[in-house]
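What's in target_23.txt: compact mmCIF, C-alpha atoms
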```
# COMPACT_ATOMS: atom_id res chain seq x y z
CA MET K 1 -86.27 40.59 60.51
CA ASN K 2 -87.62 42.50 57.61
CA ALA K 3 -90.38 41.74 55.14
CA LYS K 4 -87.94 40.69 52.38
CA PHE K 5 -86.41 38.08 54.68
CA LEU K 6 -89.82 36.69 55.63
CA VAL K 7 -90.81 36.38 51.96
CA MET K 8 -87.59 34.48 51.23
CA LEU K 9 -88.09 32.20 54.20
CA ALA K 10 -91.64 31.47 53.06
CA LEU K 11 -90.38 30.69 49.52
CA ALA K 12 -87.70 28.41 50.95
CA ALA K 13 -90.29 26.59 53.09
CA LEU K 14 -92.54 26.28 50.07
CA SER K 15 -89.72 24.86 47.95
CA VAL K 16 -88.92 22.20 50.57
CA GLY K 17 -92.62 21.41 50.98
CA CYS K 18 -93.10 21.02 47.28
CA SER K 19 -90.08 18.78 46.98
CA SER K 20 -91.68 16.10 49.10
CA GLN K 21 -95.02 15.98 47.25
CA PRO K 22 -95.23 17.19 43.64
CA TRP K 23 -98.77 18.24 42.82
CA VAL K 24 -98.64 16.48 39.46
CA MET K 25 -97.18 13.01 39.92
CA PRO K 26 -94.70 11.63 37.34
CA TYR K 27 -97.24 9.03 36.15
CA GLU K 28 -99.74 11.85 35.45
CA ARG K 29 -97.45 13.74 33.06
CA GLY K 30 -98.12 11.90 29.81
CA TRP K 31 -100.26 14.69 28.40
CA LEU K 32 -97.66 17.35 29.24
CA ALA K 33 -95.18 15.65 26.89
CA ASP K 34 -97.72 15.59 24.05
CA PRO K 35 -97.02 18.07 21.19
CA LEU K 36 -100.54 19.46 21.68
CA MET K 37 -99.39 20.91 25.03
CA SER K 38 -96.29 22.54 23.56
CA LEU K 39 -96.00 26.35 23.44
CA SER K 40 -94.24 26.02 20.08
CA ARG K 41 -95.09 22.79 18.27
CA ASP K 42 -93.29 23.75 15.04
CA PRO K 43 -90.33 26.11 15.69
CA ILE K 44 -89.58 26.68 11.98
CA SER K 45 -93.15 27.84 11.36
CA ASP K 46 -93.32 30.01 14.51
CA ASN K 47 -89.95 31.64 13.75
CA TYR K 48 -91.14 32.54 10.27
CA LEU K 49 -94.43 34.05 11.48
CA GLN K 50 -92.55 35.93 14.18
CA HIS K 51 -90.29 37.46 11.52
CA VAL K 52 -93.37 38.48 9.49
CA HIS K 53 -94.73 40.30 12.56
CA ASP K 54 -91.38 41.78 13.67
CA VAL K 55 -90.79 43.67 10.44
CA ARG K 56 -94.33 45.11 10.34
CA GLU K 57 -94.88 46.01 14.00
CA ALA K 58 -93.03 48.22 16.49
CA ALA K 59 -93.38 45.69 19.33
CA ARG K 60 -90.67 43.08 19.80
CA GLY K 61 -89.62 40.54 22.39
CA ALA K 62 -91.22 37.93 24.68
CA SER K 63 -92.44 35.97 21.64
CA VAL K 64 -92.76 32.23 21.15
CA GLY K 65 -90.73 32.27 17.94
CA GLN K 66 -87.56 34.24 17.39
CA GLY K 67 -87.45 36.33 14.22
CA GLY K 68 -84.21 37.75 12.89
CA GLY K 69 -82.54 40.12 10.49
CA CYS K 70 -84.33 42.87 8.67
CA GLY K 71 -86.17 41.98 5.42
CA CYS K 72 -88.00 45.26 5.98
CA ASN K 73 -89.52 47.69 3.49
CA MET E 1 -80.45 43.82 56.91
CA GLN E 2 -77.93 42.67 54.33
CA LEU E 3 -77.15 39.58 56.42
CA THR E 4 -80.78 38.58 56.82
CA THR E 5 -81.30 39.03 53.08
CA ARG E 6 -78.28 36.84 52.36
CA PHE E 7 -79.59 34.23 54.80
CA GLY E 8 -82.95 34.35 53.04
CA TRP E 9 -81.27 33.68 49.67
CA LEU E 10 -79.30 30.82 51.28
CA CYS E 11 -82.53 29.24 52.60
CA LEU E 12 -84.08 29.59 49.15
CA ALA E 13 -81.04 28.05 47.49
CA LEU E 14 -80.99 25.15 49.99
CA GLY E 15 -84.71 24.63 49.50
CA CYS E 16 -84.15 24.31 45.77
CA ALA E 17 -81.06 22.14 46.24
CA VAL E 18 -82.90 19.43 48.14
CA LEU E 19 -85.58 19.08 45.47
CA PRO E 20 -85.68 15.63 43.95
CA VAL E 21 -84.14 16.05 40.54
CA ARG E 22 -86.12 15.09 37.47
CA SER E 23 -83.95 15.46 34.43
CA ALA E 24 -84.86 18.02 31.84
CA VAL E 25 -84.93 16.87 28.24
CA LEU E 26 -83.21 17.99 25.07
CA PRO E 27 -85.34 19.20 22.14
CA ASP E 28 -86.48 16.50 19.66
CA ASP E 29 -84.15 15.28 16.91
CA ARG E 30 -85.96 16.75 13.98
CA ALA E 31 -85.55 18.19 10.47
CA ASP E 32 -87.92 20.67 8.80
CA MET E 33 -87.92 21.84 5.21
CA MET E 34 -90.20 24.76 4.41
CA TYR E 35 -91.32 27.00 1.58
CA HIS E 36 -92.90 30.30 2.64
CA TYR E 37 -94.91 32.89 0.75
CA TYR E 38 -96.06 36.37 1.79
CA ASP E 39 -98.05 38.72 -0.42
CA GLY E 40 -99.36 42.00 0.99
CA GLY E 41 -99.06 45.77 0.82
CA GLY E 42 -97.45 45.61 -2.64
CA THR E 43 -94.65 43.32 -1.44
CA LYS E 44 -94.11 39.67 -2.23
CA VAL E 45 -91.67 37.66 -0.09
CA THR E 46 -90.95 34.00 -0.87
CA GLY E 47 -88.23 31.48 -0.18
CA PRO E 48 -87.09 28.23 1.41
CA ALA E 49 -86.12 27.52 5.02
CA LEU E 50 -84.38 24.58 6.68
CA LEU E 51 -83.97 23.62 10.33
CA VAL E 52 -82.09 20.47 11.41
CA ARG E 53 -81.51 19.37 15.00
CA LYS E 54 -79.61 16.33 16.29
CA ASP E 55 -78.47 15.22 19.72
CA PHE E 56 -75.17 13.56 20.66
CA ALA E 57 -74.66 11.27 23.62
CA GLU E 58 -78.05 12.41 24.99
CA GLN E 59 -76.38 15.45 26.54
CA VAL E 60 -75.73 17.76 23.63
CA SER E 61 -78.12 18.87 20.92
CA MET E 62 -76.97 20.92 17.94
CA TYR E 63 -78.98 22.68 15.29
CA ALA E 64 -78.35 24.44 12.01
CA SER E 65 -80.80 26.67 10.19
CA ALA E 66 -80.95 28.36 6.81
CA TYR E 67 -83.58 30.79 5.67
CA THR E 68 -83.97 32.87 2.50
CA ASP E 69 -86.31 35.76 1.69
CA THR E 70 -86.65 36.90 -1.90
CA ILE E 71 -88.43 40.25 -1.75
CA SER E 72 -89.99 41.84 -4.82
CA GLY E 73 -92.34 44.73 -5.49
CA ALA E 74 -92.45 47.71 -3.17
CA SER E 75 -94.27 48.71 -0.01
CA ILE E 76 -96.18 52.00 0.33
CA ASP E 77 -93.01 53.73 1.66
CA VAL E 78 -91.12 52.81 -1.47
CA VAL E 79 -93.99 53.46 -3.89
CA THR E 80 -94.35 57.04 -2.69
CA THR E 81 -90.66 57.92 -2.23
CA ALA E 82 -88.46 55.65 -4.39
CA SER E 83 -88.39 52.97 -7.09
CA PRO E 84 -89.57 49.36 -6.77
CA TYR E 85 -86.77 46.87 -6.25
CA LYS E 86 -85.83 43.23 -5.87
CA GLU E 87 -83.92 42.14 -2.79
CA LYS E 88 -82.67 38.91 -1.22
CA ARG E 89 -82.00 38.15 2.43
CA ASP E 90 -80.10 35.09 3.66
CA GLU E 91 -80.11 34.01 7.27
CA ARG E 92 -77.89 31.28 8.71
CA GLY E 93 -77.97 30.00 12.27
CA LEU E 94 -76.02 27.55 14.43
CA GLY E 95 -76.79 26.54 17.98
CA ILE E 96 -75.81 24.11 20.68
CA ASP E 97 -77.68 23.02 23.81
CA TYR E 98 -76.03 21.20 26.68
CA LEU E 99 -78.06 19.27 29.22
CA HIS E 100 -76.75 18.71 32.72
CA ARG E 101 -79.26 17.01 35.05
CA ASN E 102 -82.14 19.49 35.25
CA THR E 103 -80.36 22.41 33.60
CA LEU E 104 -80.32 23.14 29.87
CA MET E 105 -77.72 25.63 28.64
CA GLY E 106 -77.77 27.04 25.12
CA LEU E 107 -75.50 29.06 22.88
CA SER E 108 -76.35 30.22 19.35
CA TYR E 109 -75.14 32.42 16.51
CA THR E 110 -77.18 33.92 13.68
CA ASN E 111 -76.07 35.88 10.63
CA SER E 112 -78.50 37.67 8.37
CA SER E 113 -77.28 39.43 5.25
CA GLU E 114 -78.83 41.58 2.55
CA ARG E 115 -77.20 43.85 0.02
CA ASP E 116 -77.70 46.84 2.33
CA TYR E 117 -78.13 45.28 5.80
CA THR E 118 -76.07 42.79 7.83
CA ALA E 119 -77.03 41.48 11.28
CA ASN E 120 -74.90 39.27 13.57
CA THR E 121 -76.42 37.92 16.76
CA VAL E 122 -75.02 35.78 19.58
CA SER E 123 -77.29 34.45 22.31
CA ALA E 124 -76.83 32.51 25.53
CA SER E 125 -79.57 30.93 27.63
CA VAL E 126 -80.04 28.80 30.75
CA ALA E 127 -83.22 26.93 31.71
CA HIS E 128 -83.42 25.22 35.08
CA GLU E 129 -86.17 22.93 36.33
CA VAL E 130 -87.23 23.04 39.97
CA PHE E 131 -90.10 21.66 42.06
CA ASP E 132 -89.72 18.18 40.58
CA GLY E 133 -89.73 19.53 37.04
CA LEU E 134 -93.02 21.38 37.42
CA THR E 135 -91.43 24.82 37.28
CA THR E 136 -88.87 25.93 34.72
CA LEU E 137 -86.92 29.13 35.24
CA SER E 138 -85.10 30.56 32.25
CA LEU E 139 -82.62 33.35 31.59
CA GLY E 140 -81.37 34.63 28.27
CA TYR E 141 -78.93 37.23 27.01
CA VAL E 142 -78.56 38.26 23.36
CA VAL E 143 -76.03 40.62 21.78
CA GLY E 144 -76.56 41.86 18.25
CA HIS E 145 -74.54 44.03 15.93
CA ASP E 146 -76.08 45.32 12.68
CA GLN E 147 -74.55 47.26 9.81
CA VAL E 148 -76.96 49.48 7.88
CA GLY E 149 -76.07 50.49 4.33
CA LYS E 150 -77.71 52.20 1.40
CA THR E 151 -77.56 50.59 -2.02
CA GLY E 152 -75.45 52.46 -4.53
CA THR E 153 -73.80 54.67 -1.93
CA ALA E 154 -70.95 54.42 0.60
CA PHE E 155 -73.40 55.07 3.46
CA GLN E 156 -72.78 52.79 6.46
CA GLU E 157 -73.93 53.02 10.05
CA ASP E 158 -74.02 50.63 13.02
CA VAL E 159 -76.67 49.38 15.43
CA ASN E 160 -75.90 47.58 18.69
CA ARG E 161 -78.61 45.57 20.41
CA TYR E 162 -78.73 43.94 23.86
CA GLN E 163 -81.62 41.71 24.89
CA TYR E 164 -82.39 40.39 28.38
CA LYS E 165 -84.87 37.56 28.85
CA LEU E 166 -86.42 36.13 31.97
CA GLY E 167 -89.08 33.44 32.01
CA VAL E 168 -90.97 31.07 34.25
CA ALA E 169 -93.07 28.15 33.01
CA GLN E 170 -95.38 26.50 35.52
CA VAL E 171 -97.28 23.20 35.33
CA PHE E 172 -100.48 23.57 37.38
CA THR E 173 -102.27 20.34 36.60
CA LYS E 174 -101.73 17.38 34.26
CA SER E 175 -103.55 19.37 31.54
CA PHE E 176 -102.83 23.01 32.32
CA LEU E 177 -99.64 25.06 32.16
CA MET E 178 -98.69 28.72 31.97
CA ASN E 179 -95.64 30.64 30.86
CA LEU E 180 -94.68 34.16 31.93
CA GLU E 181 -91.91 35.87 30.01
CA TYR E 182 -90.16 39.24 30.13
CA GLU E 183 -87.82 40.63 27.52
CA GLY E 184 -85.99 43.95 27.62
CA VAL E 185 -84.27 45.25 24.49
CA LEU E 186 -81.70 48.08 24.47
CA GLU E 187 -80.73 49.47 21.09
CA GLU E 188 -78.25 52.17 20.13
CA GLY E 189 -77.06 53.47 16.78
CA TYR E 190 -78.70 54.28 13.47
CA LEU E 191 -82.28 53.13 14.02
CA ASN E 192 -84.08 54.60 11.01
CA SER E 193 -84.12 53.61 7.36
CA PRO E 194 -81.82 55.50 4.99
CA TYR E 195 -84.46 55.21 2.27
CA ARG E 196 -87.55 56.55 4.00
CA ALA E 197 -88.60 60.20 4.14
CA ALA E 198 -90.77 62.24 6.51
CA ARG E 199 -93.25 64.86 5.28
CA LEU E 200 -92.79 68.46 6.37
CA GLN E 201 -95.64 70.68 5.18
CA GLY E 202 -96.18 68.20 2.36
CA LEU E 203 -92.53 68.15 1.26
CA LEU E 204 -90.29 65.08 1.63
CA VAL E 205 -87.37 65.48 4.08
CA PRO E 206 -84.96 62.85 5.51
CA GLU E 207 -86.22 61.05 8.60
CA ARG E 208 -84.41 61.68 11.92
CA TYR E 209 -84.68 59.16 14.78
CA PRO E 210 -83.26 59.19 18.32
CA GLY E 211 -80.02 57.21 18.64
CA THR E 212 -81.31 54.95 21.43
CA ARG E 213 -84.40 52.88 22.12
CA ASP E 214 -85.20 50.76 25.18
CA SER E 215 -88.23 48.50 25.26
CA HIS E 216 -89.97 46.12 27.64
CA ALA E 217 -92.30 43.28 26.75
CA VAL E 218 -94.18 40.96 29.11
CA ALA E 219 -96.13 37.97 27.81
CA LEU E 220 -98.40 35.50 29.55
CA ARG E 221 -99.38 32.30 27.77
CA ALA E 222 -101.56 29.40 28.86
CA VAL E 223 -102.24 25.94 27.42
CA LYS E 224 -105.20 23.79 28.48
CA GLY E 225 -105.54 20.21 27.25
CA PHE E 226 -108.86 18.37 26.77
CA GLU E 227 -109.70 14.69 27.02
CA SER E 228 -111.31 12.73 24.20
CA SER E 229 -114.99 11.98 24.80
CA THR E 230 -114.77 8.72 22.85
CA GLU E 231 -111.43 7.50 24.19
CA PRO E 232 -111.22 8.30 27.91
CA GLY E 233 -107.71 9.12 29.10
CA GLN E 234 -106.58 10.32 25.67
CA LEU E 235 -105.62 13.93 25.02
CA VAL E 236 -107.46 15.06 21.89
CA SER E 237 -107.22 18.84 21.78
CA SER E 238 -105.76 21.92 23.43
CA LEU E 239 -106.61 25.59 23.76
CA HIS E 240 -103.76 28.13 23.62
CA LEU E 241 -104.19 31.69 24.90
CA GLY E 242 -101.58 34.43 24.87
CA TYR E 243 -101.30 38.10 25.72
CA ARG E 244 -98.28 40.42 25.39
CA TYR E 245 -97.88 43.99 26.60
CA PHE E 246 -95.13 46.13 25.09
CA SER E 247 -93.84 49.63 25.80
CA ASP E 248 -90.73 51.56 24.82
CA THR E 249 -88.95 54.87 25.34
CA TRP E 250 -90.40 56.16 22.04
CA THR E 251 -93.81 56.11 23.87
CA ILE E 252 -95.12 53.22 21.77
CA LYS E 253 -97.43 50.90 23.67
CA ALA E 254 -98.72 47.71 22.08
CA HIS E 255 -101.11 44.89 22.95
CA THR E 256 -101.02 41.48 21.27
CA ALA E 257 -103.68 38.82 21.90
CA GLU E 258 -103.56 35.33 20.43
CA VAL E 259 -105.85 32.33 20.59
CA SER E 260 -105.56 28.97 18.88
CA TYR E 261 -107.22 25.58 19.18
CA GLU E 262 -105.33 22.41 18.24
CA ARG E 263 -107.28 19.20 17.62
CA ARG E 264 -106.48 15.70 16.39
CA LEU E 265 -109.21 14.71 13.95
CA ASN E 266 -107.93 11.14 13.57
CA THR E 267 -104.60 9.31 13.49
CA ARG E 268 -103.56 11.27 10.36
CA TRP E 269 -104.79 14.85 10.68
CA LEU E 270 -104.16 17.55 13.25
CA ILE E 271 -105.70 20.98 12.66
CA GLU E 272 -105.18 24.35 14.33
CA PRO E 273 -107.48 27.33 13.65
CA ARG E 274 -106.09 30.56 15.15
CA TYR E 275 -106.64 34.29 15.54
CA ARG E 276 -104.26 37.13 16.43
CA TYR E 277 -105.02 40.75 17.28
CA TYR E 278 -102.41 43.50 17.49
CA ARG E 279 -102.77 47.17 18.37
CA GLN E 280 -100.13 49.86 18.94
CA THR E 281 -99.93 53.59 19.65
CA ALA E 282 -97.65 55.97 17.74
CA ALA E 283 -94.08 57.01 18.54
CA SER E 284 -93.78 60.51 20.04
CA PHE E 285 -91.87 61.74 16.98
CA TYR E 286 -94.21 60.28 14.36
CA ALA E 287 -96.42 62.50 12.20
CA ASP E 288 -98.18 61.90 8.94
CA ASN E 289 -97.24 65.45 7.92
CA PHE E 290 -95.17 67.72 10.20
CA MET E 291 -96.23 71.37 10.33
CA THR E 292 -92.96 72.58 11.88
CA GLU E 293 -89.47 71.12 11.82
CA MET E 294 -88.70 68.96 14.89
CA THR E 295 -85.48 67.46 16.28
CA TYR E 296 -86.77 63.96 15.47
CA MET E 297 -89.15 63.27 12.62
CA ALA E 298 -90.49 59.94 11.37
CA ARG E 299 -93.11 58.84 8.90
CA ASP E 300 -92.64 55.11 9.20
CA LYS E 301 -96.01 53.38 9.25
CA GLU E 302 -94.57 50.80 11.69
CA LEU E 303 -94.22 53.70 14.19
CA SER E 304 -97.76 55.01 13.63
CA ALA E 305 -100.92 53.98 15.47
CA PHE E 306 -102.51 50.96 13.80
CA ASN E 307 -104.18 47.63 14.40
CA SER E 308 -104.10 44.30 12.65
CA HIS E 309 -106.27 41.20 12.69
CA SER E 310 -104.97 37.86 11.53
CA LEU E 311 -107.10 34.77 10.99
CA GLY E 312 -105.62 31.49 9.88
CA ALA E 313 -105.19 27.77 10.27
CA LYS E 314 -102.47 25.16 10.28
CA ALA E 315 -102.91 21.50 9.39
CA ALA E 316 -100.50 18.59 9.86
CA TYR E 317 -100.87 15.31 7.96
CA SER E 318 -99.03 12.28 9.34
CA LEU E 319 -97.25 10.61 6.38
CA PHE E 320 -95.91 7.54 8.16
CA GLU E 321 -94.35 6.15 11.34
CA GLN E 322 -91.28 3.92 11.73
CA ARG E 323 -90.23 3.86 8.11
CA LEU E 324 -87.14 4.85 6.11
CA GLY E 325 -85.18 4.97 9.35
CA LEU E 326 -87.42 7.74 10.70
CA ASP E 327 -89.65 7.75 13.78
CA ARG E 328 -92.33 9.68 11.91
CA ALA E 329 -92.89 12.33 9.25
CA THR E 330 -95.59 14.95 8.69
CA LEU E 331 -96.58 17.29 5.87
CA ASN E 332 -97.82 20.65 7.15
CA PHE E 333 -99.78 23.53 5.66
CA SER E 334 -100.32 26.94 7.19
CA TYR E 335 -102.32 29.93 5.92
CA ASP E 336 -103.09 33.28 7.56
CA TYR E 337 -105.06 36.22 6.26
CA ALA E 338 -104.03 39.52 7.89
CA LYS E 339 -105.55 42.99 7.65
CA PHE E 340 -103.64 46.12 8.71
CA SER E 341 -105.50 49.42 9.29
CA TYR E 342 -103.54 52.62 10.00
CA ASP E 343 -105.14 55.45 12.04
CA ASN E 344 -102.91 58.28 10.87
CA PHE E 345 -100.87 57.24 7.84
CA THR E 346 -102.21 58.70 4.62
CA ASP E 347 -101.90 56.89 1.32
CA THR E 348 -100.71 59.92 -0.67
CA ARG E 349 -101.96 58.31 -3.88
CA SER E 350 -105.59 58.32 -2.71
CA GLY E 351 -105.57 60.78 0.20
CA LYS E 352 -107.26 58.15 2.42
CA ALA E 353 -105.99 56.42 5.58
CA TYR E 354 -103.78 53.53 4.44
CA GLU E 355 -104.80 49.91 4.90
CA PHE E 356 -103.77 46.67 3.30
CA ASP E 357 -104.31 42.95 3.58
CA ALA E 358 -101.82 40.11 3.34
CA ASN E 359 -101.83 36.40 2.54
CA ILE E 360 -99.24 34.36 4.43
CA PHE E 361 -98.66 30.77 3.38
CA GLN E 362 -96.25 28.04 4.49
CA VAL E 363 -95.84 24.42 3.49
CA PHE E 364 -93.29 22.29 5.31
CA LEU E 365 -92.14 18.72 5.67
CA SER E 366 -91.08 17.55 9.14
CA ALA E 367 -89.23 14.38 10.07
CA TRP E 368 -88.35 13.02 13.53
CA TYR E 369 -85.51 10.53 13.94
```

So that I can check it, write out the structure of this file as structure tokens.
Amino acid sequence: MNAKFLVMLALAALSVGCSSQPWVMPYERGWLADPLMSLSRDPISDNYLQHVHDVREAARGASVGQGGGCGCN
Amino acid sequence: MQLTTRFGWLCLALGCAVLPVRSAVLPDDRADMMYHYYDGGGTKVTGPALLVRKDFAEQVSMYASAYTDTISGASIDVVTTASPYKEKRDERGLGIDYLHRNTLMGLSYTNSSERDYTANTVSASVAHEVFDGLTTLSLGYVVGHDQVGKTGTAFQEDVNRYQYKLGVAQVFTKSFLMNLEYEGVLEEGYLNSPYRAARLQGLLVPERYPGTRDSHAVALRAVKGFESSTEPGQLVSSLHLGYRYFSDTWTIKAHTAEVSYERRLNTRWLIEPRYRYYRQTAASFYADNFMTEMTYMARDKELSAFNSHSLGAKAAYSLFEQRLGLDRATLNFSYDYAKFSYDNFTDTRSGKAYEFDANIFQVFLSAWY
């Protein structure tokens, strides 16, 4: 048995363990559905700001909003 | 070794398969109508935007988007090398999401067109919830094809783009979650601007870029919710933190840090002050003024070393609930002030290092139904 196999076995055990007892119960999840807990509360606004950044910065990707096109200069 | 690895994957798959399934949800049915305004660095960009999303049979959600930029004035690149201009960009998007138990699959198409630039993008994504819905794994693949032109000439070149996304969102407690995301972008083709020029011993010469660029970005975001002190059990505010690291084969490295605080003031108003910091290093083939001719030469300020600070706020005002056939509607305002400071990009008009500030404004109406 190699290390990779042991890691996978541990992950599998963990997944089964977690399945029997979620650490946040369904009745405790009200806040998680609230817009305040959302990573992107207003997609149209985030997409626009992302586009503003995309055309002025070299970095791209892994953003909350998705910019598009060019609109450079 | 291969067998044990396969067995390990099988155990992992079985472990996931026996998880009690909590169905994922489709995005909200919602319509947004926006007007946006940007004024900075000699350029003014304004226009409307629309985003409408509707589900069907609680399994399929479709959206359509339209976005227009009307660009006037001229940035520093244009001021020093060409004439001011007026330009318009139209972007149209269509997308569909399909929900099957705890898996959400998405497909979308976007077209962006300007007089001298056309971009077509197709994307596919899968998000799967495991661990009783507390962990969401997501995968995405995007293919883009751009056509670059030059106004008034027959010049035309292509750019192909391939994006790979991988993400995991994790709920830790009833008021704390984190999201880790990776995105790799592979580009090939004509990656510079046909209008911009480099400086060689003070003289303007055409820019020359490599024909490929690969980049990697990793972002970690966290959201923490806070309870109301006057109404126990009620969520009243949240703190959002984000950090992104970026690097590419042009030797650019960039750091982005974001923080925002969202708070409900009362039943009508929700406010969100925020701050964003961005810093990047220069591309290996960037120079403000080349002393000798190089294979690749760029003088694009977006490839130079610079930093920017952005401070702003967003406010949402609840117009009504359960009226006109709508669940609710809000009127939203957003303003950001941004300052860009370049380390090694000279404003040839003044001889000083270039810097500029920008005002970014949005007003939009949102309705849920």

**Study point:** Contact residues around region 56-58 of chain K with only C-alpha atoms at 7 Å, ignoring same-chain residues under 3 positions, as a ChimeraX atom specification
**Key:** /K:52-53 /E:302-303

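CA of Pro43 (chain K) is positioned 13.7 Å from CA of Gly95 (chain E).
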
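CA of Asp28 (chain E) lies 11.3 Å from CA of Ala33 (chain K).
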
Check your understanding: Which neighbours of region 246-248 of chain E fall inside 8 Å, counting all atoms listed in the file, when residues of the same chain fewer than 5 positions from it are skipped, and could you give them as a VMD selection string?
Key -> (chain K and resid 59 to 60) or (chain E and resid 213 to 218 253 to 255)

Compile a residue-level contact table for region 137-250 of chain E against region 101-105 of chain E at a cut-off of 10 Å, reporting for every qualifying residue the shortest atom pair and its distance in Å to one decimal, with only C-alpha atoms counted, rows ordered by chain and ascending number, as a Markdown table.
```
| residue | atom | partner | partner_atom | distance |
| --- | --- | --- | --- | --- |
| E:Leu137 | CA | E:Thr103 | CA | 9.5 |
| E:Ser138 | CA | E:Leu104 | CA | 9.1 |
| E:Leu139 | CA | E:Met105 | CA | 9.6 |
| E:Gly140 | CA | E:Met105 | CA | 9.7 |
```

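With distances taken over all atoms listed in the file, E:Ile76 is the one residue among E:Leu331, E:Val60, E:Met33, E:Ile76 lying closest to Arg349 (chain E).
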
Check your understanding: Contacts of Gly30 (chain K) at 9 Å or less, counting all atoms listed in the file, minus same-chain residues fewer than 4 places along, as a PyMOL selection string?
Key -> (chain K and resi 26+34) or (chain E and resi 174)

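We find CA of Ala329 (chain E) and CA of Ala31 (chain E) to be spaced 9.5 Å apart.
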
As a compact mmCIF listing (two decimals) with C-alpha atoms, keeping the file's coordinate frame, please: the residues near Asn332 (chain E) (cut-off 10 Å, only C-alpha atoms, same-chain neighbours under 2 positions excluded).
```txt
# COMPACT_ATOMS: atom_id res chain seq x y z
CA ASP K 42 -93.29 23.75 15.04
CA SER K 45 -93.15 27.84 11.36
CA MET E 34 -90.20 24.76 4.41
CA TRP E 269 -104.79 14.85 10.68
CA LEU E 270 -104.16 17.55 13.25
CA ILE E 271 -105.70 20.98 12.66
CA LYS E 314 -102.47 25.16 10.28
CA ALA E 315 -102.91 21.50 9.39
CA ALA E 316 -100.50 18.59 9.86
CA TYR E 317 -100.87 15.31 7.96
CA SER E 318 -99.03 12.28 9.34
CA ALA E 329 -92.89 12.33 9.25
CA THR E 330 -95.59 14.95 8.69
CA SER E 334 -100.32 26.94 7.19
CA GLN E 362 -96.25 28.04 4.49
CA VAL E 363 -95.84 24.42 3.49
CA PHE E 364 -93.29 22.29 5.31
CA LEU E 365 -92.14 18.72 5.67
CA SER E 366 -91.08 17.55 9.14
```

Practice item. Give as a PyMOL selection string each residue that has an atom at most 12 Å from (-75.9, 19.0, 33.1) in the file, counting only C-alpha atoms. Key: chain E and resi 21-26+58-60+97-106+126-129

Select all residues near (-93.0, 64.5, 10.8) (cut-off 6 Å, inclusive, file coordinates), counting all atoms listed in the file, and output them as a short mmCIF file (atom, residue, chain, number, x, y, z; two decimals) with C-alpha atoms, in the frame of the given file.
```
data_model
loop_
_atom_site.label_atom_id
_atom_site.label_comp_id
_atom_site.auth_asym_id
_atom_site.auth_seq_id
_atom_site.Cartn_x
_atom_site.Cartn_y
_atom_site.Cartn_z
CA ALA E 198 -90.77 62.24 6.51
CA ARG E 199 -93.25 64.86 5.28
CA LEU E 200 -92.79 68.46 6.37
CA TYR E 286 -94.21 60.28 14.36
CA ALA E 287 -96.42 62.50 12.20
CA ASN E 289 -97.24 65.45 7.92
CA PHE E 290 -95.17 67.72 10.20
CA MET E 297 -89.15 63.27 12.62
CA ALA E 298 -90.49 59.94 11.37
CA ARG E 299 -93.11 58.84 8.90
#
```

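Residue neighbourhood of Gln156 (chain E), excluding near-sequence residues (fewer than 5 positions): Asp116, Gln147, Val148, Gly149 and Lys150 of chain E, at 9 Å, using only C-alpha atoms.
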
Determine the axis-aligned bounding box of all atoms of region 47-52 of chain K present in the file, pad each side by 3 Å, and express its centre and edge lengths in Å to one decimal place as JSON.
```
{"center_x": -92.2, "center_y": 35.1, "center_z": 11.8, "size_x": 10.5, "size_y": 12.8, "size_z": 10.7}
```

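Proximity ranking of E:Asp343, E:Glu91, E:Glu231, E:Glu188 relative to chain K places E:Glu91 first, based on all atoms listed in the file.
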
Check your understanding: With all atoms listed in the file as the basis for distance, which of E:Asp300, E:Asp288, E:Glu114, E:Asp336 is at the shortest distance from Asn192 (chain E)?
Key -> E:Asp300

Could you please fill out region 151-156 of chain E with N, CA, C and O atoms and send it back as a PDB file, in the frame of the given file?
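And here's selection_4.pdb as it stands now:
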```
ATOM      1  N   THR E 151     -77.994  51.099  -0.728  1.00  0.00           N
ATOM      2  CA  THR E 151     -77.560  50.590  -2.020  1.00  0.00           C
ATOM      3  C   THR E 151     -77.101  51.715  -2.958  1.00  0.00           C
ATOM      4  O   THR E 151     -77.760  52.746  -3.053  1.00  0.00           O
ATOM      5  N   GLY E 152     -75.955  51.487  -3.564  1.00  0.00           N
ATOM      6  CA  GLY E 152     -75.450  52.460  -4.530  1.00  0.00           C
ATOM      7  C   GLY E 152     -74.702  53.623  -3.919  1.00  0.00           C
ATOM      8  O   GLY E 152     -74.276  54.533  -4.626  1.00  0.00           O
ATOM      9  N   THR E 153     -74.535  53.598  -2.589  1.00  0.00           N
ATOM     10  CA  THR E 153     -73.800  54.670  -1.930  1.00  0.00           C
ATOM     11  C   THR E 153     -72.806  54.056  -0.944  1.00  0.00           C
ATOM     12  O   THR E 153     -72.857  52.858  -0.665  1.00  0.00           O
ATOM     13  N   ALA E 154     -71.925  54.907  -0.377  1.00  0.00           N
ATOM     14  CA  ALA E 154     -70.950  54.420   0.600  1.00  0.00           C
ATOM     15  C   ALA E 154     -71.506  54.526   2.023  1.00  0.00           C
ATOM     16  O   ALA E 154     -70.785  54.270   3.001  1.00  0.00           O
ATOM     17  N   PHE E 155     -72.785  54.881   2.138  1.00  0.00           N
ATOM     18  CA  PHE E 155     -73.400  55.070   3.460  1.00  0.00           C
ATOM     19  C   PHE E 155     -73.279  53.796   4.303  1.00  0.00           C
ATOM     20  O   PHE E 155     -73.598  52.704   3.834  1.00  0.00           O
ATOM     21  N   GLN E 156     -72.814  53.930   5.531  1.00  0.00           N
ATOM     22  CA  GLN E 156     -72.780  52.790   6.460  1.00  0.00           C
ATOM     23  C   GLN E 156     -72.842  53.248   7.909  1.00  0.00           C
ATOM     24  O   GLN E 156     -72.075  54.113   8.317  1.00  0.00           O
TER      25      GLN E 156
END
```
